[in-house]
Every structure is written in C-alpha cells, then in structure tokens.
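Just coords28.txt here, compact mmCIF, C-alpha atoms and all ligand atoms:
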# COMPACT_ATOMS: atom_id res chain seq x y z
CA MET A 1 -116.46 18.59 -14.97
CA ALA A 2 -116.82 15.02 -13.76
CA ASP A 3 -117.19 14.41 -10.02
CA TYR A 4 -113.85 12.54 -9.91
CA THR A 5 -110.54 12.79 -11.72
CA PHE A 6 -108.91 9.36 -11.84
CA TYR A 7 -105.15 9.09 -12.44
CA THR A 8 -104.31 5.60 -13.56
CA HIS A 9 -102.29 3.28 -15.72
CA PRO A 10 -104.10 0.25 -17.15
CA MET A 11 -101.36 -2.18 -16.01
CA SER A 12 -101.42 -1.17 -12.37
CA ARG A 13 -103.36 -1.25 -9.14
CA GLY A 14 -105.45 1.40 -10.88
CA GLN A 15 -107.56 -1.58 -12.00
CA ILE A 16 -108.77 -1.92 -8.41
CA ALA A 17 -109.80 1.72 -8.20
CA ARG A 18 -111.54 1.56 -11.57
CA TRP A 19 -113.55 -1.43 -10.40
CA ALA A 20 -114.51 0.51 -7.26
CA LEU A 21 -115.53 3.54 -9.35
CA HIS A 22 -117.79 1.33 -11.45
CA GLU A 23 -119.31 -0.47 -8.47
CA ALA A 24 -120.07 2.95 -6.95
CA GLY A 25 -121.50 4.25 -10.24
CA ALA A 26 -119.16 7.23 -9.96
CA ASP A 27 -118.94 9.94 -12.61
CA TYR A 28 -115.22 10.05 -13.40
CA GLU A 29 -112.77 11.32 -15.95
CA GLN A 30 -109.60 9.27 -16.40
CA VAL A 31 -106.09 10.65 -16.84
CA LEU A 32 -103.81 7.95 -18.23
CA VAL A 33 -100.34 8.27 -16.77
CA ASP A 34 -97.20 7.95 -18.84
CA TRP A 35 -94.53 6.80 -16.37
CA ALA A 36 -91.87 8.76 -18.26
CA ALA A 37 -93.84 12.04 -18.11
CA ARG A 38 -96.15 12.03 -15.10
CA PRO A 39 -98.83 14.71 -15.22
CA ALA A 40 -98.29 17.73 -12.95
CA GLY A 41 -101.73 17.10 -11.43
CA LEU A 42 -100.67 13.63 -10.29
CA LEU A 43 -97.38 14.85 -8.80
CA ALA A 44 -99.21 17.66 -7.02
CA ALA A 45 -101.76 15.22 -5.62
CA ASN A 46 -99.40 12.40 -4.65
CA PRO A 47 -95.75 13.12 -3.83
CA LEU A 48 -94.97 9.45 -4.55
CA GLY A 49 -96.15 9.94 -8.12
CA LYS A 50 -97.88 6.57 -7.87
CA VAL A 51 -101.29 5.53 -9.14
CA PRO A 52 -104.12 5.18 -8.54
CA VAL A 53 -105.10 8.59 -7.29
CA VAL A 54 -108.65 9.89 -7.26
CA VAL A 55 -109.46 13.57 -6.86
CA HIS A 56 -113.01 14.19 -5.69
CA HIS A 57 -114.25 17.59 -6.86
CA ALA A 58 -116.37 18.26 -3.79
CA PRO A 59 -118.39 21.50 -3.56
CA GLU A 60 -115.96 23.03 -1.02
CA GLY A 61 -112.86 22.05 -3.02
CA PRO A 62 -110.86 19.09 -4.27
CA ARG A 63 -110.15 16.10 -2.04
CA VAL A 64 -107.27 13.77 -2.86
CA ILE A 65 -107.45 10.06 -2.11
CA SER A 66 -104.55 7.74 -2.81
CA GLU A 67 -104.12 4.11 -1.69
CA CYS A 68 -106.50 1.62 -3.25
CA ALA A 69 -108.10 0.53 -0.01
CA ALA A 70 -108.78 4.15 1.01
CA ILE A 71 -110.23 4.89 -2.45
CA CYS A 72 -112.56 1.90 -2.11
CA ALA A 73 -113.70 2.92 1.37
CA TYR A 74 -114.15 6.57 0.37
CA LEU A 75 -116.29 5.73 -2.65
CA ALA A 76 -118.45 3.38 -0.58
CA ASP A 77 -119.21 5.89 2.18
CA GLY A 78 -122.86 6.88 2.15
CA THR A 79 -123.84 4.12 -0.29
CA ASP A 80 -125.11 0.58 0.20
CA LEU A 81 -121.59 -0.66 -0.55
CA ALA A 82 -120.61 0.58 2.91
CA PRO A 83 -121.13 -1.84 5.81
CA THR A 84 -124.17 -1.98 8.03
CA ASP A 85 -123.46 -1.78 11.75
CA THR A 86 -123.29 -5.56 12.07
CA GLU A 87 -120.97 -5.81 9.05
CA ARG A 88 -118.51 -3.13 10.19
CA ALA A 89 -116.12 -5.39 12.06
CA ASP A 90 -115.57 -7.78 9.13
CA TYR A 91 -115.48 -4.91 6.65
CA HIS A 92 -112.70 -3.03 8.43
CA ARG A 93 -110.85 -6.08 9.64
CA TRP A 94 -110.43 -7.76 6.25
CA MET A 95 -109.95 -4.60 4.24
CA PHE A 96 -107.07 -3.57 6.53
CA PHE A 97 -105.78 -7.14 6.60
CA ALA A 98 -105.64 -7.24 2.81
CA ALA A 99 -104.00 -3.80 2.51
CA GLY A 100 -101.41 -4.54 5.20
CA PRO A 101 -100.40 -8.06 6.17
CA LEU A 102 -101.69 -9.87 3.09
CA GLU A 103 -100.15 -7.48 0.59
CA GLN A 104 -96.85 -7.50 2.48
CA ALA A 105 -96.84 -11.30 2.57
CA ILE A 106 -97.49 -11.54 -1.17
CA VAL A 107 -94.94 -8.86 -2.07
CA ALA A 108 -92.30 -10.37 0.22
CA ARG A 109 -92.74 -13.75 -1.42
CA SER A 110 -92.71 -12.27 -4.94
CA MET A 111 -89.45 -10.46 -4.12
CA GLY A 112 -87.92 -13.56 -2.60
CA TRP A 113 -87.69 -11.97 0.85
CA GLU A 114 -87.80 -14.59 3.59
CA VAL A 115 -88.67 -13.77 7.21
CA PRO A 116 -85.57 -14.78 9.16
CA GLU A 117 -85.93 -17.80 11.43
CA GLY A 118 -87.46 -16.83 14.79
CA ARG A 119 -88.52 -13.32 13.61
CA GLN A 120 -92.17 -14.00 12.63
CA ALA A 121 -93.41 -12.31 15.80
CA MET A 122 -92.02 -8.97 14.59
CA VAL A 123 -93.58 -9.19 11.12
CA GLY A 124 -97.18 -8.07 10.72
CA PHE A 125 -98.13 -10.98 8.49
CA GLY A 126 -96.31 -13.60 10.56
CA SER A 127 -95.61 -15.82 7.60
CA TYR A 128 -97.01 -16.07 4.07
CA ASP A 129 -98.66 -19.41 4.88
CA ARG A 130 -100.37 -18.12 8.02
CA ALA A 131 -101.63 -14.95 6.29
CA VAL A 132 -103.03 -16.93 3.36
CA ALA A 133 -104.64 -19.51 5.67
CA ALA A 134 -106.32 -16.74 7.71
CA LEU A 135 -108.08 -15.30 4.65
CA GLU A 136 -108.86 -18.74 3.26
CA GLY A 137 -110.52 -19.73 6.52
CA HIS A 138 -112.78 -16.66 6.43
CA LEU A 139 -113.75 -17.10 2.77
CA ALA A 140 -114.43 -20.81 3.23
CA ASP A 141 -117.23 -19.86 5.65
CA HIS A 142 -118.49 -16.65 4.02
CA ALA A 143 -119.61 -15.94 0.45
CA TYR A 144 -118.40 -12.36 0.81
CA VAL A 145 -116.18 -10.51 3.28
CA CYS A 146 -119.16 -9.38 5.35
CA GLY A 147 -121.24 -12.54 4.95
CA ASP A 148 -123.97 -12.97 2.35
CA ARG A 149 -123.80 -9.51 0.86
CA PHE A 150 -121.30 -7.87 -1.49
CA THR A 151 -119.74 -4.70 -0.06
CA MET A 152 -116.85 -2.51 -1.12
CA ALA A 153 -114.55 -4.62 1.04
CA ASP A 154 -114.99 -7.30 -1.63
CA VAL A 155 -113.52 -5.01 -4.27
CA TYR A 156 -110.30 -4.58 -2.31
CA VAL A 157 -110.02 -8.06 -0.79
CA GLY A 158 -111.38 -9.60 -3.98
CA ALA A 159 -108.87 -7.78 -6.15
CA GLN A 160 -106.06 -9.28 -4.08
CA VAL A 161 -107.55 -12.74 -4.55
CA ASP A 162 -108.34 -12.23 -8.26
CA TRP A 163 -104.86 -10.86 -8.96
CA GLY A 164 -103.19 -13.45 -6.74
CA LEU A 165 -104.85 -16.35 -8.58
CA SER A 166 -104.12 -14.84 -12.01
CA PHE A 167 -100.44 -14.25 -11.25
CA LYS A 168 -100.06 -17.35 -9.06
CA SER A 169 -98.97 -15.32 -6.06
CA LEU A 170 -101.84 -16.98 -4.13
CA PRO A 171 -102.47 -20.73 -4.11
CA GLU A 172 -105.53 -22.13 -5.95
CA ARG A 173 -107.51 -22.99 -2.85
CA PRO A 174 -111.20 -23.81 -3.54
CA ALA A 175 -112.41 -20.96 -1.32
CA PHE A 176 -110.34 -18.43 -3.29
CA VAL A 177 -111.42 -19.80 -6.67
CA ALA A 178 -115.13 -19.81 -5.77
CA TYR A 179 -114.90 -16.27 -4.33
CA ALA A 180 -113.09 -14.96 -7.43
CA GLU A 181 -115.73 -16.55 -9.68
CA ARG A 182 -118.52 -14.76 -7.77
CA LEU A 183 -116.73 -11.44 -8.15
CA ARG A 184 -115.81 -11.88 -11.81
CA ALA A 185 -119.52 -12.34 -12.63
CA ARG A 186 -120.31 -8.80 -11.45
CA ALA A 187 -121.24 -6.13 -14.01
CA GLY A 188 -118.96 -3.56 -12.34
CA TYR A 189 -115.99 -5.92 -12.50
CA GLY A 190 -116.65 -6.70 -16.17
CA ALA A 191 -117.09 -3.06 -17.19
CA ALA A 192 -113.91 -1.94 -15.44
CA LYS A 193 -111.80 -4.85 -16.73
CA ALA A 194 -113.07 -4.28 -20.28
CA ILE A 195 -111.76 -0.69 -20.22
CA ASP A 196 -108.34 -1.60 -18.86
CA GLY A 197 -108.13 -4.64 -21.11
CA ALA A 198 -108.82 -2.50 -24.20
CA LEU A 199 -106.24 0.09 -23.10
CA ILE A 200 -103.63 -2.65 -22.61
CA ALA A 201 -104.41 -4.17 -26.02
CA GLU A 202 -104.10 -0.71 -27.67
CA ALA A 203 -100.75 -0.07 -25.96
CA GLN A 204 -99.44 -3.47 -27.05
CA GLN A 205 -100.53 -2.82 -30.62
CA ARG A 206 -98.76 0.57 -30.63
CA GLN A 207 -95.62 -1.10 -29.28
CA GLN A 208 -95.71 -3.79 -31.98
CA GLN A 209 -96.21 -1.17 -34.68
CA ALA A 210 -93.28 0.87 -33.34
CA GLN A 211 -91.06 -2.23 -33.29
CA ALA A 212 -92.12 -3.14 -36.85
CA ALA A 213 -91.35 0.41 -38.04
CA GLN A 214 -87.89 0.26 -36.44
CA GLN A 215 -87.09 -3.00 -38.22
CA GLN A 216 -87.95 -1.56 -41.66
N1 LIG B 301 -100.14 1.48 -1.74
C1 LIG B 301 -100.51 1.92 -3.06
C2 LIG B 301 -99.57 1.31 -4.07
C3 LIG B 301 -99.55 2.10 -5.35
C4 LIG B 301 -98.49 1.59 -6.32
O1 LIG B 301 -97.46 1.02 -5.91
N2 LIG B 301 -98.73 1.82 -7.59
C5 LIG B 301 -97.79 1.42 -8.60
C6 LIG B 301 -98.50 0.71 -9.75
S1 LIG B 301 -99.30 -0.77 -9.23
C7 LIG B 301 -97.11 2.64 -9.24
O2 LIG B 301 -97.69 3.70 -9.35
N3 LIG B 301 -95.88 2.45 -9.71
C8 LIG B 301 -95.14 3.44 -10.41
C9 LIG B 301 -94.00 4.00 -9.62
O3 LIG B 301 -93.95 3.82 -8.40
O4 LIG B 301 -93.18 4.67 -10.22
C10 LIG B 301 -101.98 1.58 -3.32
O5 LIG B 301 -102.51 0.68 -2.68
O6 LIG B 301 -102.61 2.23 -4.14
Could you write out this structure as structure tokens?
Amino acid sequence: MADYTFYTHPMSRGQIARWALHEAGADYEQVLVDWAARPAGLLAANPLGKVPVVVHHAPEGPRVISECAAICAYLADGTDLAPTDTERADYHRWMFFAAGPLEQAIVARSMGWEVPEGRQAMVGFGSYDRAVAALEGHLADHAYVCGDRFTMADVYVGAQVDWGLSFKSLPERPAFVAYAERLRARAGYGAAKAIDGALIAEAQQRQQQAQAAQQQ
C-alpha cells in the first residue's frame, strides 16, 4: 500500500494537493472522484464530501487531512520544505492569509458579492483591492514567500496566484507574473500539472465521444 491515499478530481483544488505531493516526493495512490458517485472512503474521511483529501497510512493508523493548506503544511513537516526558525513567521502568515482572507476576497468577487459600504472592518479581507495589494507588496520584495528559498508555503500561496492569473481572478501585476513564472518552472509543478492535464484531456475526449454517439 502507498503511504498516502489521495482523493481528487483533476478539475479541482486537488491540483494544489497533487503539486504538494510531488514537491514532497510522496508515495501516493490516487482515487479519482466521480461527483455523482463519491467513494465511501471519501465520505467517511470528509463529511463535506469535498476534495482534496489525503489519508496518510501512518504506522499507528490512518490520518485524514483535508483542506489544501493543511495538506501542504502536513506534507512539508519534517522535510526541507518546512520553514526554518527565521522563516516561520512568513510561512505561517502568508499561508493562512492565502487560505483565509485572500481566498475569501477572490471568491466574493467571483460570486459578485460586494462588501456593503462601511462594513470592511468586519470582513477578514477588508476589501479585494487591499487583500491583493498586501500580497503584491510582499511578493514585490521577496522571490518566495519566505525570502530567497522555495518552501511549501509557495505551493499554497503560489497556487492561488497561478490560478488567479490563469482565470483572471487576480490582476496581472508584475510581481504576481514573475512569481508564477518561477513556480511554473519547477519539476514538481510540471509533473503534477501533466497528470491533471492528461486526466482532463481524457475526460473531455470521453465526453466528445459520448456526444458523438448520441447524435448518431
Ligand atoms: N477549503 C477546501 C475547499 C475544497 C473544495 O471546495 N473543493 C471543491 C473542488 S475545488 C469540491 O470538492 N467541490 C465538490 C462539492 O463540493 O460537491 C480546501 O481548501 O481544500
């Protein structure tokens, strides 16, 4: 049995977890999730039925980790992808920032939810523009989240930037573009994206074949 069971769907945040698994060099077995018939193992592991979920088959028994940021942090622990003592503040700060305020700001904008006038103080991200500017300011001065060195925080924060630029939910600021280019050049990023990309292409081909068969 592999060390990790990885429940995922190629067109999902599972892409973040797969990138983390590859950066960590983890031995994993994937379970591809059909939304219409979710595997019992996924539902047992995560009552939300969402992906990604990673089950670590530790010697004393299985450990379930959901939430992309937690999966990234868990896989990094004990490796050189975890922060050094001097990197810990940036590592935690920006990983939590990306998983909380930044994601909320991006989702709110994508859904067309506006923070009512005068209510920014009650909202964790303040406003979309302020959240984006905060991250941009950090990345303009640092090659990676923790400075000069890639850590697992770059998988989670970087995935938000990579995804945000691709889907235009983040603006094309030079600091974001340069950061995304550094990350996209990584072997772990390329290996993970190649797997999900091939799975997406296969699924699209099956869909086209099914549509063609229906039309005959
Ligand atoms: N907070 C979770 C979000 C997980 C999530 O929303 N996953 C989506 C795919 S990107 C999902 O499983 N959607 C299917 C559903 O909710 O039915 C994380 O960071 O991993």
Go through chain A and flag each residue having an atom no more than 8 Å from ligand LIG 301 (chain B); for those, report the closest pair of atoms plus their distance in Å to one decimal, using only C-alpha atoms and all ligand atoms, ordered by chain and rising number, as JSON lines.
{"residue": "A:His9", "atom": "CA", "partner": "B:LIG301", "partner_atom": "C6", "distance": 7.5}
{"residue": "A:Met11", "atom": "CA", "partner": "B:LIG301", "partner_atom": "S1", "distance": 7.2}
{"residue": "A:Ser12", "atom": "CA", "partner": "B:LIG301", "partner_atom": "S1", "distance": 3.8}
{"residue": "A:Arg13", "atom": "CA", "partner": "B:LIG301", "partner_atom": "S1", "distance": 4.1}
{"residue": "A:Gly14", "atom": "CA", "partner": "B:LIG301", "partner_atom": "S1", "distance": 6.7}
{"residue": "A:Trp35", "atom": "CA", "partner": "B:LIG301", "partner_atom": "O4", "distance": 6.6}
{"residue": "A:Leu48", "atom": "CA", "partner": "B:LIG301", "partner_atom": "O3", "distance": 6.9}
{"residue": "A:Gly49", "atom": "CA", "partner": "B:LIG301", "partner_atom": "O4", "distance": 6.4}
{"residue": "A:Lys50", "atom": "CA", "partner": "B:LIG301", "partner_atom": "O2", "distance": 3.2}
{"residue": "A:Val51", "atom": "CA", "partner": "B:LIG301", "partner_atom": "O2", "distance": 4.0}
{"residue": "A:Pro52", "atom": "CA", "partner": "B:LIG301", "partner_atom": "O6", "distance": 5.5}
{"residue": "A:Val53", "atom": "CA", "partner": "B:LIG301", "partner_atom": "O6", "distance": 7.5}
{"residue": "A:Ser66", "atom": "CA", "partner": "B:LIG301", "partner_atom": "O6", "distance": 6.0}
{"residue": "A:Glu67", "atom": "CA", "partner": "B:LIG301", "partner_atom": "O6", "distance": 3.4}
{"residue": "A:Cys68", "atom": "CA", "partner": "B:LIG301", "partner_atom": "O6", "distance": 4.0}
{"residue": "A:Ala69", "atom": "CA", "partner": "B:LIG301", "partner_atom": "O5", "distance": 6.2}
{"residue": "A:Ala99", "atom": "CA", "partner": "B:LIG301", "partner_atom": "O5", "distance": 7.0}
>> Given only C-alpha atoms as the basis, pick out the residue of A:Ala26, A:Leu43, A:Leu139, A:Ala98 nearest to A:Gly124.
In response: A:Ala98
> What lies within 12 Å of A:Ser110 using all atoms listed in the file, ignoring chain neighbours under 6 positions off, as a count of residues only?
Replying inline: 8
For A:Pro83, find every residue with an atom within 10 Å (counting all atoms listed in the file), except residues of its own chain fewer than 2 positions away, and show them as a PDB file with C-alpha atoms, in the coordinates of the input.
ATOM      1  CA  ALA A  73    -113.700   2.920   1.370  1.00  0.00           C
ATOM      2  CA  ALA A  76    -118.450   3.380  -0.580  1.00  0.00           C
ATOM      3  CA  ASP A  77    -119.210   5.890   2.180  1.00  0.00           C
ATOM      4  CA  GLY A  78    -122.860   6.880   2.150  1.00  0.00           C
ATOM      5  CA  THR A  79    -123.840   4.120  -0.290  1.00  0.00           C
ATOM      6  CA  ASP A  80    -125.110   0.580   0.200  1.00  0.00           C
ATOM      7  CA  LEU A  81    -121.590  -0.660  -0.550  1.00  0.00           C
ATOM      8  CA  ASP A  85    -123.460  -1.780  11.750  1.00  0.00           C
ATOM      9  CA  THR A  86    -123.290  -5.560  12.070  1.00  0.00           C
ATOM     10  CA  GLU A  87    -120.970  -5.810   9.050  1.00  0.00           C
ATOM     11  CA  ARG A  88    -118.510  -3.130  10.190  1.00  0.00           C
ATOM     12  CA  ALA A  89    -116.120  -5.390  12.060  1.00  0.00           C
ATOM     13  CA  ASP A  90    -115.570  -7.780   9.130  1.00  0.00           C
ATOM     14  CA  TYR A  91    -115.480  -4.910   6.650  1.00  0.00           C
ATOM     15  CA  HIS A  92    -112.700  -3.030   8.430  1.00  0.00           C
ATOM     16  CA  CYS A 146    -119.160  -9.380   5.350  1.00  0.00           C
ATOM     17  CA  ARG A 149    -123.800  -9.510   0.860  1.00  0.00           C
ATOM     18  CA  PHE A 150    -121.300  -7.870  -1.490  1.00  0.00           C
ATOM     19  CA  THR A 151    -119.740  -4.700  -0.060  1.00  0.00           C
ATOM     20  CA  MET A 152    -116.850  -2.510  -1.120  1.00  0.00           C
ATOM     21  CA  ALA A 153    -114.550  -4.620   1.040  1.00  0.00           C
TER      22      ALA A 153
END
With a distance cut-off of 9 Å and only C-alpha atoms, select the neighbouring residues of stretch 158-160 of chain A, excluding the residue or stretch itself and same-chain residues fewer than 3 positions from it, and output the selection as a short mmCIF file (atom, residue, chain, number, x, y, z; two decimals) with C-alpha atoms, in the coordinates of the input.
data_model
loop_
_atom_site.label_atom_id
_atom_site.label_comp_id
_atom_site.auth_asym_id
_atom_site.auth_seq_id
_atom_site.Cartn_x
_atom_site.Cartn_y
_atom_site.Cartn_z
CA GLN A 15 -107.56 -1.58 -12.00
CA ILE A 16 -108.77 -1.92 -8.41
CA TRP A 19 -113.55 -1.43 -10.40
CA ALA A 98 -105.64 -7.24 2.81
CA ALA A 99 -104.00 -3.80 2.51
CA LEU A 102 -101.69 -9.87 3.09
CA GLU A 103 -100.15 -7.48 0.59
CA TYR A 144 -118.40 -12.36 0.81
CA VAL A 145 -116.18 -10.51 3.28
CA ALA A 153 -114.55 -4.62 1.04
CA ASP A 154 -114.99 -7.30 -1.63
CA VAL A 155 -113.52 -5.01 -4.27
CA TRP A 163 -104.86 -10.86 -8.96
CA GLY A 164 -103.19 -13.45 -6.74
CA LEU A 165 -104.85 -16.35 -8.58
CA LEU A 170 -101.84 -16.98 -4.13
CA PHE A 176 -110.34 -18.43 -3.29
CA TYR A 179 -114.90 -16.27 -4.33
CA ALA A 180 -113.09 -14.96 -7.43
CA LEU A 183 -116.73 -11.44 -8.15
#
> Using only C-alpha atoms, which of the listed residues (A:Pro10, A:Pro174, A:Gly190, A:Gly147) sits closest to A:Thr84?
Replying inline: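 Among the listed residues, A:Gly147 lies closest to A:Thr84.
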> Restricting the calculation to all atoms listed in the file, which member of A:Cys72, A:Ala140, A:Arg206, A:Gly100 is positioned closest to A:Arg18?
Replying inline: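 For A:Arg18, the nearest of the given residues is A:Cys72.
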>> So that I can see what lies close to A:Tyr74, please list as an MDAnalysis selection string the residues with an atom at most 10 Å from it, counting only C-alpha atoms and leaving out residues fewer than 6 positions away in the same chain.
In response: chainID A and resid 20 54 56 65 68 82 152
> In Å to one decimal, how far is atom CA of A:Thr8 from atom CA of A:Asn46?
Replying inline: 12.2 Å
> For A:Trp113, which residue among A:Glu60, A:Arg93, A:Ser127, A:Ala194 is the nearest when counting all atoms listed in the file?
Replying inline: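 Smallest distance to A:Trp113 is found for A:Ser127.
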> Interatomic distance between atom CA of A:Arg130 and atom CA of A:Arg184?
Replying inline: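 So the answer is 25.9 Å.
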> In Å, how far is it from atom CA of A:Met122 to atom CA of A:Ile106?
Replying inline: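 Between atom CA of A:Met122 and atom CA of A:Ile106 the gap is 16.9 Å.
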Please put the answer as JSON: centre and edge lengths, in Å with one decimal, of a box along x, y and z that encloses all listed atoms of stretch 113-117 of chain A plus 5 Å on each side.
{"center_x": -87.1, "center_y": -14.9, "center_z": 6.1, "size_x": 13.1, "size_y": 15.8, "size_z": 20.6}
>> Ranking A:Ile200, A:Ala17, A:Ala36, A:Ala44 by minimum distance to A:Ala70 and counting only C-alpha atoms, which one comes first?
In response: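 Closest to A:Ala70 of all the choices is A:Ala17.
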> Residues at most 10 Å from A:Asp27, counting all atoms listed in the file, excluding those fewer than 2 positions away in the same chain, as a list in words?
Replying inline: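 Once the adjacent positions are removed, what remains is Met1, Ala2, Asp3, Tyr4, Thr5, Leu21, His22, Ala24, Gly25 and Glu29 of chain A.
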